[in-house]
Amino acid sequence: MTPVNQKNTPYSTPDEGGPGTLAQMLTQDLNPYSGNWNEKEIKHLLRRTLFGTRHIEVQSYRSLGSLDRALTHLFDIKPLTNLPLVNYTNGDDIKEPSAKDGGTWIHEAWLNEIEYYRLLSLKTWWLDLMLKDQTIFEKMVMFWHNHIPVEMVGIFHARQAFDYLMTLRRYALGNFKQLVKALTVDPLMLFYLNGNQNDKSAPDENYARELQELFCIGKGPDAKFTEDDVKAAARVLTGWKTDYLKPKTFFASWAHDTQDKTFSSFYNNKVIKGRSGDAGREELDELIDMIVTHPETALFVCRKLYRFFVYPEISDWTEINIIRPLADIFTQNNFEILPVLKTLLGSNHFFDPLLRLAMIKSPLDYSIGLSRHFNMLFPESPPDYKAKYQAQTVMYYFLTSFQQDIGDPPNVSGWPAYYQFPQYDKSWISTHTVHQRGIHSDMLVWYGYQMDHGVAIIDWIAYTGTFNQPENPTILIDEVLARLYDVPVDPEVKKYLKSILLSGQINEYYWTGAWLEWKAKPNDAMVRNTLEVRLKIFYQFILQMDEYQIM
């Protein structure tokens, strides 16, 4: 039996950091963090675990007084209170058969003419959850969507897409083994990786391969499962079916292979006894247990968590001192994800100064983070749910131009930034995407997200008013840059920013006077416009700086 992976592939292996690289310079361990707990540490934690940070959130976490309390708050998950809406109808052209505007479509029957609009509604609903979340939850939902992905538009069934997303949400901070089992028989997954076609007369190996190669074991040098293991796993999974129009999984015993399935020495020559009738469904539990409990699975999942939350490259030292202890915690806690996350995010290693601002923002971190940080004002839902949907649809289409289409990653491996050696997060930036990011930030500064029913905007004067001395241009520039970047900025850049606020004048009062005049006449449109134009040029430049692309 030939091992599937014979080469030392970089998908899930150590030794990625060469001499002198940041990965090789890390020495902090997994012991509980014992350093300073100030604004910089809080911002690092929130940048990595939320989609962007609001100043008010930073202050709220600071008021908690300790990392332990911050982590307790970070994992304090609130129940879901809303569902995707019918917010896309347009008279006779786009109309639901029975669901009403403002209600939910998730109980409606599949309808080809309207599925795309439902999927768009689902994705904007998902974006809204990310915009509002102040815990790690939505970041974990996205982690699992990247780790065990589907392509929603490819399957073109909004209700199944919603159910898949709800499965991710159910287990986002729960048990990995249960998550894998649930997704193995998820209707959308059964269609996506051909599980629905997996029959004893013609076993389909697609899902059986990805289950081991991408979701659990990985493709590293020690992932020595074989082609026969893939075939045996496919035979175990025969008989699991779903109906496209009625998205509910069932076990078709007539399509199940009832013979014994023998695995290689990689799985200790495990034999899963064949079962007939309804007992055949029990083989699935044995298969998932065999694969998930293999030591390579814990290592692989912990590497993926590390790359997502900490840093893409994993050196020999990090593999031995961080990944392996995390894998032990994962295994000892019966594959519960929460103990692993709490250990990692509460460690000396996570707060190593070398790891701060060391990753390029994903499109989600960039765009949602921008909206959250600057307190973008979206239309309220209710009553303006259509306007809100339109604004967040604009945001969604920008995300696709940045190459992160939520719900539809490029393939079953997820987004290359989380696995592709040696580029990793650098793959988010190209001549195309950096140009698109610039267009996006310029548009938000000057116009917001425009749509038929209004506009979602950032109030730049209100945001600037949150600083201690907005009337003092020197102090304001220092405070704005410190809040956004946490890194030193070239004095020449600061000089240029001051020239923007002063409109090229020398006397600082040219800005101070304009701010104080607005304070005295807040309802004077001309005074407000004069101040706003200067601020828009000011923030437009700041958002184009390289420093804004890192987290």
# chains A, B, ... in the order shown; residues from 1 in each chain; ligands from 1
$ select_by_dssp --residues "segment 21-153 of chain A" --states "helix (DSSP H, G or I)" --output "MDAnalysis selection string"
chainID A and resid 22:25 39:49 55:63 67:74 112:132 137:147 152:153
$ write_last_selection --atoms "C-alpha atoms" --output "tab-separated table (two decimals), in the first residue's frame"
chain	number	residue	atom	x	y	z
A	22	LEU	CA	11.06	36.02	12.43
A	23	ALA	CA	9.94	32.42	12.94
A	24	GLN	CA	13.49	31.44	13.92
A	25	MET	CA	13.76	34.35	16.38
A	39	GLU	CA	-3.36	49.20	25.52
A	40	LYS	CA	-0.79	47.76	23.10
A	41	GLU	CA	-1.28	44.23	24.42
A	42	ILE	CA	-5.07	44.59	24.35
A	43	LYS	CA	-5.01	45.85	20.77
A	44	HIS	CA	-2.81	42.93	19.71
A	45	LEU	CA	-5.24	40.45	21.26
A	46	LEU	CA	-8.28	42.11	19.67
A	47	ARG	CA	-6.69	42.63	16.25
A	48	ARG	CA	-6.10	38.88	16.00
A	49	THR	CA	-9.40	37.68	17.49
A	55	HIS	CA	-11.46	52.31	20.54
A	56	ILE	CA	-14.41	51.83	22.89
A	57	GLU	CA	-13.78	48.06	22.86
A	58	VAL	CA	-10.11	48.57	23.69
A	59	GLN	CA	-11.10	50.75	26.63
A	60	SER	CA	-13.72	48.23	27.73
A	61	TYR	CA	-11.21	45.39	27.71
A	62	ARG	CA	-8.69	47.58	29.53
A	63	SER	CA	-11.21	48.29	32.28
A	67	LEU	CA	-5.73	39.16	30.65
A	68	ASP	CA	-7.71	36.43	32.43
A	69	ARG	CA	-10.80	38.63	32.59
A	70	ALA	CA	-10.26	39.75	29.01
A	71	LEU	CA	-10.17	36.15	27.81
A	72	THR	CA	-13.32	35.35	29.80
A	73	HIS	CA	-15.08	38.21	28.02
A	74	LEU	CA	-13.61	37.21	24.66
A	112	ASN	CA	-33.80	28.54	-9.03
A	113	GLU	CA	-34.85	32.07	-9.97
A	114	ILE	CA	-34.29	33.39	-6.45
A	115	GLU	CA	-31.46	31.28	-5.00
A	116	TYR	CA	-28.74	33.77	-5.91
A	117	TYR	CA	-30.53	36.57	-4.08
A	118	ARG	CA	-31.03	34.35	-1.05
A	119	LEU	CA	-27.33	33.50	-1.06
A	120	LEU	CA	-26.47	37.18	-1.24
A	121	SER	CA	-28.86	37.81	1.63
A	122	LEU	CA	-27.11	35.04	3.60
A	123	LYS	CA	-23.66	36.48	2.96
A	124	THR	CA	-24.63	40.03	3.93
A	125	TRP	CA	-26.30	38.66	7.07
A	126	TRP	CA	-23.03	36.90	7.87
A	127	LEU	CA	-21.09	40.13	7.32
A	128	ASP	CA	-23.45	41.91	9.68
A	129	LEU	CA	-22.71	39.34	12.39
A	130	MET	CA	-18.99	39.98	11.94
A	131	LEU	CA	-19.50	43.74	12.13
A	132	LYS	CA	-21.35	43.46	15.42
A	137	PHE	CA	-16.85	33.74	17.87
A	138	GLU	CA	-17.15	35.09	14.32
A	139	LYS	CA	-13.41	34.75	13.80
A	140	MET	CA	-13.70	31.08	14.75
A	141	VAL	CA	-16.64	30.56	12.38
A	142	MET	CA	-14.44	31.92	9.59
A	143	PHE	CA	-11.54	29.72	10.73
A	144	TRP	CA	-13.65	26.59	10.36
A	145	HIS	CA	-15.16	27.77	7.06
A	146	ASN	CA	-11.63	28.06	5.70
A	147	HIS	CA	-10.56	24.75	7.26
A	152	MET	CA	-22.04	27.94	-1.72
A	153	VAL	CA	-22.74	29.46	-5.11
$ select_by_dssp --residues "segment 218-288 of chain A" --states "strand (DSSP E)" --output "VMD selection string"
chain A and resid 240 to 242 249 to 251 261 to 262 271 to 272
$ atom_distance --atom1 "atom CA of Pro203 of chain A" --atom2 "atom CA of His294 of chain A"
24.0 Å
$ atom_distance --atom1 "atom CA of Ile461 of chain A" --atom2 "atom CA of Leu399 of chain A"
26.7 Å
$ residues_around --residues "segment 318-326 of chain A" --least-positions-apart "6" --cutoff "12 Å" --atoms "only C-alpha atoms" --output "PyMOL selection string"
chain A and resi 12-17+22-31+295-307+310-312+332-333+335-345+347-350
$ write_last_selection --atoms "N, CA and C atoms" --output "compact mmCIF listing (two decimals), in the first residue's frame"
# COMPACT_ATOMS: atom_id res chain seq x y z
N SER A 12 1.73 21.51 6.00
CA SER A 12 1.54 21.41 7.45
C SER A 12 2.82 20.94 8.15
N THR A 13 3.94 21.39 7.67
CA THR A 13 5.19 20.93 8.22
C THR A 13 5.99 22.07 8.83
N PRO A 14 6.91 21.75 9.75
CA PRO A 14 7.79 22.77 10.31
C PRO A 14 8.92 23.12 9.35
N ASP A 15 9.96 23.72 9.90
CA ASP A 15 11.17 24.06 9.13
C ASP A 15 10.90 25.10 8.06
N GLU A 16 9.94 25.97 8.26
CA GLU A 16 9.62 26.96 7.23
C GLU A 16 10.44 28.23 7.39
N GLY A 17 10.88 28.52 8.60
CA GLY A 17 11.62 29.76 8.81
C GLY A 17 13.11 29.53 8.65
N LEU A 22 11.77 35.79 11.17
CA LEU A 22 11.06 36.02 12.43
C LEU A 22 10.74 34.71 13.12
N ALA A 23 10.30 33.71 12.35
CA ALA A 23 9.94 32.42 12.94
C ALA A 23 11.09 31.82 13.72
N GLN A 24 12.32 32.00 13.24
CA GLN A 24 13.49 31.44 13.92
C GLN A 24 13.91 32.26 15.14
N MET A 25 13.38 33.48 15.27
CA MET A 25 13.76 34.35 16.38
C MET A 25 12.85 34.22 17.59
N LEU A 26 11.75 33.47 17.47
CA LEU A 26 10.79 33.35 18.56
C LEU A 26 11.30 32.40 19.63
N THR A 27 11.18 32.82 20.89
CA THR A 27 11.65 31.99 22.00
C THR A 27 10.65 31.91 23.15
N GLN A 28 9.59 32.74 23.12
CA GLN A 28 8.62 32.73 24.21
C GLN A 28 7.81 31.44 24.19
N ASP A 29 7.45 30.94 25.39
CA ASP A 29 6.79 29.65 25.49
C ASP A 29 5.28 29.79 25.73
N LEU A 30 4.64 28.65 26.06
CA LEU A 30 3.19 28.62 26.27
C LEU A 30 2.79 28.90 27.71
N ASN A 31 3.73 29.22 28.57
CA ASN A 31 3.36 29.57 29.94
C ASN A 31 2.45 30.80 29.94
N PRO A 295 -2.59 10.83 16.18
CA PRO A 295 -1.78 11.96 16.66
C PRO A 295 -1.53 13.05 15.62
N GLU A 296 -1.49 12.69 14.35
CA GLU A 296 -1.25 13.70 13.31
C GLU A 296 -2.38 14.73 13.22
N THR A 297 -3.60 14.32 13.56
CA THR A 297 -4.73 15.24 13.45
C THR A 297 -4.58 16.40 14.43
N ALA A 298 -4.27 16.10 15.68
CA ALA A 298 -4.11 17.17 16.67
C ALA A 298 -3.00 18.13 16.27
N LEU A 299 -1.90 17.60 15.77
CA LEU A 299 -0.80 18.45 15.33
C LEU A 299 -1.23 19.33 14.16
N PHE A 300 -1.92 18.74 13.20
CA PHE A 300 -2.34 19.47 12.01
C PHE A 300 -3.31 20.60 12.35
N VAL A 301 -4.31 20.32 13.18
CA VAL A 301 -5.30 21.34 13.54
C VAL A 301 -4.63 22.46 14.34
N CYS A 302 -3.72 22.10 15.24
CA CYS A 302 -3.04 23.13 16.02
C CYS A 302 -2.15 24.01 15.15
N ARG A 303 -1.53 23.43 14.13
CA ARG A 303 -0.76 24.25 13.19
C ARG A 303 -1.67 25.23 12.45
N LYS A 304 -2.84 24.76 12.05
CA LYS A 304 -3.78 25.64 11.34
C LYS A 304 -4.25 26.78 12.25
N LEU A 305 -4.53 26.48 13.50
CA LEU A 305 -4.92 27.52 14.45
C LEU A 305 -3.79 28.53 14.63
N TYR A 306 -2.58 28.02 14.74
CA TYR A 306 -1.42 28.89 14.92
C TYR A 306 -1.26 29.84 13.73
N ARG A 307 -1.37 29.29 12.53
CA ARG A 307 -1.21 30.13 11.34
C ARG A 307 -2.31 31.18 11.23
N VAL A 310 -1.73 33.48 14.94
CA VAL A 310 -0.44 33.91 15.46
C VAL A 310 0.53 34.34 14.36
N TYR A 311 0.94 33.38 13.52
CA TYR A 311 1.95 33.69 12.49
C TYR A 311 1.99 32.54 11.50
N PRO A 312 2.19 32.84 10.21
CA PRO A 312 2.12 31.76 9.20
C PRO A 312 3.25 30.74 9.27
N GLN A 332 -5.84 15.64 25.18
CA GLN A 332 -6.21 15.38 26.57
C GLN A 332 -7.61 15.90 26.90
N ASN A 333 -8.07 16.88 26.16
CA ASN A 333 -9.40 17.45 26.38
C ASN A 333 -10.42 16.92 25.39
N PHE A 335 -10.50 16.63 22.26
CA PHE A 335 -10.63 17.40 21.02
C PHE A 335 -11.61 18.57 21.16
N GLU A 336 -11.70 19.10 22.38
CA GLU A 336 -12.40 20.36 22.59
C GLU A 336 -11.46 21.49 22.18
N ILE A 337 -11.97 22.45 21.42
CA ILE A 337 -11.12 23.50 20.87
C ILE A 337 -10.84 24.61 21.88
N LEU A 338 -11.74 24.84 22.83
CA LEU A 338 -11.62 25.96 23.74
C LEU A 338 -10.36 25.92 24.61
N PRO A 339 -9.99 24.78 25.21
CA PRO A 339 -8.75 24.76 26.01
C PRO A 339 -7.51 25.10 25.20
N VAL A 340 -7.49 24.72 23.94
CA VAL A 340 -6.34 25.03 23.07
C VAL A 340 -6.26 26.52 22.84
N LEU A 341 -7.38 27.14 22.49
CA LEU A 341 -7.41 28.57 22.22
C LEU A 341 -7.04 29.39 23.45
N LYS A 342 -7.60 29.03 24.58
CA LYS A 342 -7.31 29.78 25.81
C LYS A 342 -5.84 29.69 26.18
N THR A 343 -5.25 28.52 25.99
CA THR A 343 -3.82 28.37 26.28
C THR A 343 -2.98 29.21 25.33
N LEU A 344 -3.28 29.12 24.04
CA LEU A 344 -2.49 29.84 23.04
C LEU A 344 -2.62 31.36 23.21
N LEU A 345 -3.86 31.84 23.31
CA LEU A 345 -4.08 33.30 23.36
C LEU A 345 -3.70 33.91 24.71
N SER A 347 -0.87 33.02 26.32
CA SER A 347 0.52 32.61 26.54
C SER A 347 1.52 33.73 26.33
N ASN A 348 2.70 33.53 26.91
CA ASN A 348 3.82 34.43 26.63
C ASN A 348 4.12 34.48 25.14
N HIS A 349 3.99 33.34 24.50
CA HIS A 349 4.31 33.26 23.08
C HIS A 349 3.42 34.17 22.25
N PHE A 350 2.12 34.13 22.49
CA PHE A 350 1.20 34.95 21.70
C PHE A 350 1.53 36.43 21.82
$ residues_around --residues "Phe374 of chain A" --least-positions-apart "2" --cutoff "10 Å" --atoms "only C-alpha atoms" --output "ChimeraX atom specification"
/A:52-55,369-372,376-377,457-460,462-464
$ closest_residue --among "A:Ala391, A:Leu357, A:Ala327, A:Ala417" --to "Gln549 of chain A" --atoms "only C-alpha atoms"
A:Leu357
$ residues_around --residues "Asn87 of chain A" --least-positions-apart "6" --cutoff "10 Å" --atoms "only C-alpha atoms" --output "list in words"
Lys100, Asp101, Gly102, Gly103, Thr104, Trp105, Tyr117, Arg118, Leu120, Ser121, Asp384, Tyr385, Lys386, Ala387, Lys388, Tyr389 and Gln390 of chain A
$ closest_residue --among "A:Ile542, A:Leu481, A:Ala514, A:Val412" --to "Pro149 of chain A" --atoms "only C-alpha atoms"
A:Val412
$ residues_around --residues "Lys200 of chain A" --least-positions-apart "6" --cutoff "8 Å" --atoms "only C-alpha atoms" --output "list in words"
Arg235, Thr238, Gly239, Ala255, His256 and Asp257 of chain A
$ residues_around --residues "Leu284 of chain A" --least-positions-apart "6" --cutoff "12 Å" --atoms "only C-alpha atoms" --output "list in words"
Lys177, Gln178, Val180, Lys181, Ala182, Leu183, Thr184, Val185, Ala208, Ala232, Ala233, Ala234, Arg235, Val236, Leu237, Thr238, Gly239, Trp240, Phe251, His256, Lys261, Ile272, Lys273, Gly274, Arg275, Asp278, Met290 and Ile291 of chain A
$ atom_distance --atom1 "atom CA of Trp110 of chain A" --atom2 "atom CA of Gln197 of chain A"
20.6 Å
